[in-house]
Amino acid sequence: MLNWDHLFRRYVWHETKTPYFTPVRRLSSEQAEHELFVYALLLSVLFLVIALVSLAGRLPHGGAAIVPIYAFTALCAAVILGFTRHPWAAFYCASGPLAALAYFAAFGFHPNLEFGDKVVLVLLALGWLAYSRRVVAITLAYADLPAAAPPG
């Protein structure tokens, strides 16, 4: 018989590896490292894909060079964030959702997208922006975080 509680805690909710609802002031440096690593990994993959796809020129921006350049620099910032946990890299990564919203405002959406798809993309960008505030807060507090999680 499967132990669902164990599987849930191992892969979905683990107090050290997935501390996403733990306030920043209560994080340990180990928890912060796990959270920043996952964030940096996801952003690296996202910006790598955007950088490569944006070179094709078939998206609404056409051949505008700013899109692949920004995506590549954001990819570099995500890698730097993953290795150094530096606040400036977190600030640059936090500009990603703002850049996405600016892209939508300047170039519009892909012509094949329906209204609901556009709403979902905007809501994802806004959620990403809200979460980016937490990442910046973690990097700013990282040097002062204790090595082990505080009790309670």
# chains A, B, ... in the order shown; residues from 1 in each chain; ligands from 1
$ residues_around --residues "stretch 86-93 of chain A" --least-positions-apart "6" --cutoff "12 Å" --atoms "only C-alpha atoms" --output "PyMOL selection string"
chain A and resi 33+36-37+39-44+46-47+70-80+99-100+128-129+131-143
$ write_last_selection --atoms "N, CA and C atoms" --output "CSV table (one decimal), in the first residue's frame"
chain,number,residue,atom,x,y,z
A,33,GLU,N,18.3,28.7,0.1
A,33,GLU,CA,19.1,28.2,-1.0
A,33,GLU,C,18.3,27.3,-1.9
A,36,LEU,N,15.8,29.6,-3.9
A,36,LEU,CA,16.4,30.4,-4.9
A,36,LEU,C,16.9,29.5,-6.0
A,37,PHE,N,17.4,28.3,-5.7
A,37,PHE,CA,17.8,27.4,-6.8
A,37,PHE,C,16.7,27.0,-7.7
A,39,TYR,N,13.9,28.7,-8.3
A,39,TYR,CA,13.5,29.9,-9.0
A,39,TYR,C,14.5,30.2,-10.1
A,40,ALA,N,15.8,30.1,-9.8
A,40,ALA,CA,16.8,30.4,-10.8
A,40,ALA,C,16.8,29.3,-11.9
A,41,LEU,N,16.6,28.1,-11.6
A,41,LEU,CA,16.5,27.0,-12.6
A,41,LEU,C,15.3,27.2,-13.5
A,42,LEU,N,14.2,27.5,-13.0
A,42,LEU,CA,13.0,27.7,-13.8
A,42,LEU,C,13.2,29.0,-14.7
A,43,LEU,N,13.7,30.0,-14.2
A,43,LEU,CA,13.9,31.2,-15.0
A,43,LEU,C,15.0,31.0,-16.1
A,44,SER,N,16.0,30.2,-15.7
A,44,SER,CA,17.0,29.9,-16.7
A,44,SER,C,16.4,29.2,-17.9
A,46,LEU,N,13.2,29.1,-18.8
A,46,LEU,CA,12.3,30.0,-19.5
A,46,LEU,C,13.0,31.0,-20.4
A,47,PHE,N,14.0,31.7,-19.9
A,47,PHE,CA,14.7,32.7,-20.7
A,47,PHE,C,15.5,32.1,-21.8
A,70,TYR,N,17.3,41.0,-24.3
A,70,TYR,CA,16.8,41.0,-22.9
A,70,TYR,C,16.8,39.6,-22.4
A,71,ALA,N,16.2,38.7,-23.2
A,71,ALA,CA,16.1,37.3,-22.7
A,71,ALA,C,17.5,36.7,-22.4
A,72,PHE,N,18.5,37.0,-23.2
A,72,PHE,CA,19.8,36.4,-22.9
A,72,PHE,C,20.4,37.1,-21.6
A,73,THR,N,20.2,38.4,-21.4
A,73,THR,CA,20.8,39.0,-20.2
A,73,THR,C,20.0,38.5,-19.0
A,74,ALA,N,18.7,38.3,-19.1
A,74,ALA,CA,17.9,37.7,-18.0
A,74,ALA,C,18.3,36.3,-17.7
A,75,LEU,N,18.7,35.5,-18.7
A,75,LEU,CA,19.2,34.2,-18.5
A,75,LEU,C,20.5,34.3,-17.7
A,76,CYS,N,21.4,35.2,-18.1
A,76,CYS,CA,22.6,35.4,-17.4
A,76,CYS,C,22.4,35.8,-15.9
A,77,ALA,N,21.4,36.7,-15.7
A,77,ALA,CA,21.1,37.1,-14.3
A,77,ALA,C,20.5,35.9,-13.5
A,78,ALA,N,19.7,35.1,-14.1
A,78,ALA,CA,19.2,33.9,-13.4
A,78,ALA,C,20.3,32.9,-13.0
A,79,VAL,N,21.3,32.7,-13.9
A,79,VAL,CA,22.4,31.9,-13.6
A,79,VAL,C,23.2,32.5,-12.4
A,80,ILE,N,23.5,33.8,-12.5
A,80,ILE,CA,24.2,34.5,-11.5
A,80,ILE,C,23.5,34.4,-10.1
A,99,ALA,N,8.9,43.1,-18.0
A,99,ALA,CA,9.3,43.0,-19.4
A,99,ALA,C,8.2,42.3,-20.2
A,100,ALA,N,7.6,41.2,-19.6
A,100,ALA,CA,6.6,40.5,-20.3
A,100,ALA,C,5.3,41.4,-20.5
A,128,TRP,N,3.8,36.1,-11.2
A,128,TRP,CA,5.3,36.1,-11.2
A,128,TRP,C,5.9,37.3,-10.6
A,129,LEU,N,5.3,38.5,-10.9
A,129,LEU,CA,5.7,39.8,-10.3
A,129,LEU,C,5.6,39.7,-8.8
A,131,TYR,N,5.5,37.1,-6.8
A,131,TYR,CA,6.5,36.2,-6.2
A,131,TYR,C,7.9,36.7,-6.3
A,132,SER,N,8.2,37.5,-7.3
A,132,SER,CA,9.5,38.1,-7.5
A,132,SER,C,9.9,39.0,-6.3
A,133,ARG,N,8.9,39.6,-5.7
A,133,ARG,CA,9.1,40.4,-4.5
A,133,ARG,C,9.7,39.6,-3.3
A,134,ARG,N,9.2,38.3,-3.2
A,134,ARG,CA,9.7,37.4,-2.2
A,134,ARG,C,11.1,37.0,-2.5
A,135,VAL,N,11.4,36.8,-3.7
A,135,VAL,CA,12.8,36.4,-4.1
A,135,VAL,C,13.8,37.5,-3.8
A,136,VAL,N,13.4,38.7,-4.1
A,136,VAL,CA,14.3,39.9,-3.8
A,136,VAL,C,14.4,40.0,-2.3
A,137,ALA,N,13.4,39.8,-1.5
A,137,ALA,CA,13.4,39.9,0.0
A,137,ALA,C,14.4,38.8,0.5
A,138,ILE,N,14.3,37.6,-0.1
A,138,ILE,CA,15.2,36.5,0.4
A,138,ILE,C,16.6,36.9,0.1
A,139,THR,N,17.0,37.4,-1.0
A,139,THR,CA,18.4,37.7,-1.3
A,139,THR,C,18.9,38.8,-0.4
A,140,LEU,N,18.0,39.8,-0.1
A,140,LEU,CA,18.4,40.9,0.8
A,140,LEU,C,18.6,40.4,2.2
A,141,ALA,N,17.9,39.4,2.6
A,141,ALA,CA,18.0,38.9,4.0
A,141,ALA,C,19.0,37.7,4.1
A,142,TYR,N,19.5,37.2,2.9
A,142,TYR,CA,20.2,35.9,2.9
A,142,TYR,C,21.4,35.9,3.8
A,143,ALA,N,22.2,37.0,3.9
A,143,ALA,CA,23.4,37.0,4.7
A,143,ALA,C,23.1,36.9,6.2
$ select_by_dssp --residues "stretch 49-119 of chain A" --states "helix (DSSP H, G or I)" --output "NGL selection string"
:A and (49-54 or 66-84 or 87-107 or 115-119)
$ write_last_selection --atoms "C-alpha atoms" --output "PDB file, in the first residue's frame"
ATOM      1  CA  VAL A  49      13.595  29.171 -24.545  1.00  0.00           C
ATOM      2  CA  ILE A  50      12.495  32.788 -25.031  1.00  0.00           C
ATOM      3  CA  ALA A  51      15.944  33.798 -26.286  1.00  0.00           C
ATOM      4  CA  LEU A  52      16.012  30.986 -28.828  1.00  0.00           C
ATOM      5  CA  VAL A  53      12.396  31.327 -29.984  1.00  0.00           C
ATOM      6  CA  SER A  54      12.608  35.108 -30.267  1.00  0.00           C
ATOM      7  CA  ILE A  66      15.703  43.975 -27.850  1.00  0.00           C
ATOM      8  CA  VAL A  67      13.702  40.803 -27.124  1.00  0.00           C
ATOM      9  CA  PRO A  68      16.470  38.182 -27.569  1.00  0.00           C
ATOM     10  CA  ILE A  69      19.022  40.527 -25.975  1.00  0.00           C
ATOM     11  CA  TYR A  70      16.850  41.007 -22.896  1.00  0.00           C
ATOM     12  CA  ALA A  71      16.098  37.273 -22.716  1.00  0.00           C
ATOM     13  CA  PHE A  72      19.819  36.437 -22.882  1.00  0.00           C
ATOM     14  CA  THR A  73      20.755  38.994 -20.208  1.00  0.00           C
ATOM     15  CA  ALA A  74      17.917  37.743 -17.995  1.00  0.00           C
ATOM     16  CA  LEU A  75      19.204  34.192 -18.519  1.00  0.00           C
ATOM     17  CA  CYS A  76      22.643  35.366 -17.367  1.00  0.00           C
ATOM     18  CA  ALA A  77      21.093  37.087 -14.322  1.00  0.00           C
ATOM     19  CA  ALA A  78      19.193  33.904 -13.416  1.00  0.00           C
ATOM     20  CA  VAL A  79      22.401  31.855 -13.577  1.00  0.00           C
ATOM     21  CA  ILE A  80      24.212  34.453 -11.458  1.00  0.00           C
ATOM     22  CA  LEU A  81      21.329  34.412  -8.976  1.00  0.00           C
ATOM     23  CA  GLY A  82      21.497  30.639  -8.762  1.00  0.00           C
ATOM     24  CA  PHE A  83      25.209  30.652  -7.996  1.00  0.00           C
ATOM     25  CA  THR A  84      25.692  33.818  -5.924  1.00  0.00           C
ATOM     26  CA  PRO A  87      20.358  40.876  -4.713  1.00  0.00           C
ATOM     27  CA  TRP A  88      21.164  42.710  -7.959  1.00  0.00           C
ATOM     28  CA  ALA A  89      20.665  39.510  -9.921  1.00  0.00           C
ATOM     29  CA  ALA A  90      17.342  39.039  -8.126  1.00  0.00           C
ATOM     30  CA  PHE A  91      16.309  42.599  -9.007  1.00  0.00           C
ATOM     31  CA  TYR A  92      17.133  41.988 -12.670  1.00  0.00           C
ATOM     32  CA  CYS A  93      15.230  38.691 -12.649  1.00  0.00           C
ATOM     33  CA  ALA A  94      12.303  40.495 -11.018  1.00  0.00           C
ATOM     34  CA  SER A  95      12.129  42.733 -14.074  1.00  0.00           C
ATOM     35  CA  GLY A  96      11.073  39.698 -16.129  1.00  0.00           C
ATOM     36  CA  PRO A  97       7.334  39.968 -15.482  1.00  0.00           C
ATOM     37  CA  LEU A  98       7.485  43.717 -16.087  1.00  0.00           C
ATOM     38  CA  ALA A  99       9.263  43.032 -19.375  1.00  0.00           C
ATOM     39  CA  ALA A 100       6.566  40.500 -20.294  1.00  0.00           C
ATOM     40  CA  LEU A 101       3.810  43.014 -19.587  1.00  0.00           C
ATOM     41  CA  ALA A 102       5.698  45.688 -21.548  1.00  0.00           C
ATOM     42  CA  TYR A 103       6.080  43.211 -24.420  1.00  0.00           C
ATOM     43  CA  PHE A 104       2.344  42.570 -24.441  1.00  0.00           C
ATOM     44  CA  ALA A 105       1.663  46.314 -24.403  1.00  0.00           C
ATOM     45  CA  ALA A 106       4.198  47.160 -27.133  1.00  0.00           C
ATOM     46  CA  PHE A 107       3.891  44.217 -29.502  1.00  0.00           C
ATOM     47  CA  PHE A 115      -9.037  36.285 -25.193  1.00  0.00           C
ATOM     48  CA  GLY A 116      -8.896  33.741 -22.350  1.00  0.00           C
ATOM     49  CA  ASP A 117      -5.317  32.828 -23.253  1.00  0.00           C
ATOM     50  CA  LYS A 118      -4.324  36.482 -23.116  1.00  0.00           C
ATOM     51  CA  VAL A 119      -5.931  36.876 -19.692  1.00  0.00           C
TER      52      VAL A 119
END
$ atom_distance --atom1 "atom CA of A:Gly62" --atom2 "atom CA of A:Val120"
22.8 Å
$ atom_distance --atom1 "atom CA of A:Val45" --atom2 "atom CA of A:Ala65"
19.9 Å
$ atom_distance --atom1 "atom CA of A:Leu121" --atom2 "atom CA of A:Arg85"
27.6 Å
$ closest_residue --among "A:Ala147, A:Ser28, A:Leu59, A:Ala130" --to "A:Leu113" --atoms "only C-alpha atoms"
A:Leu59
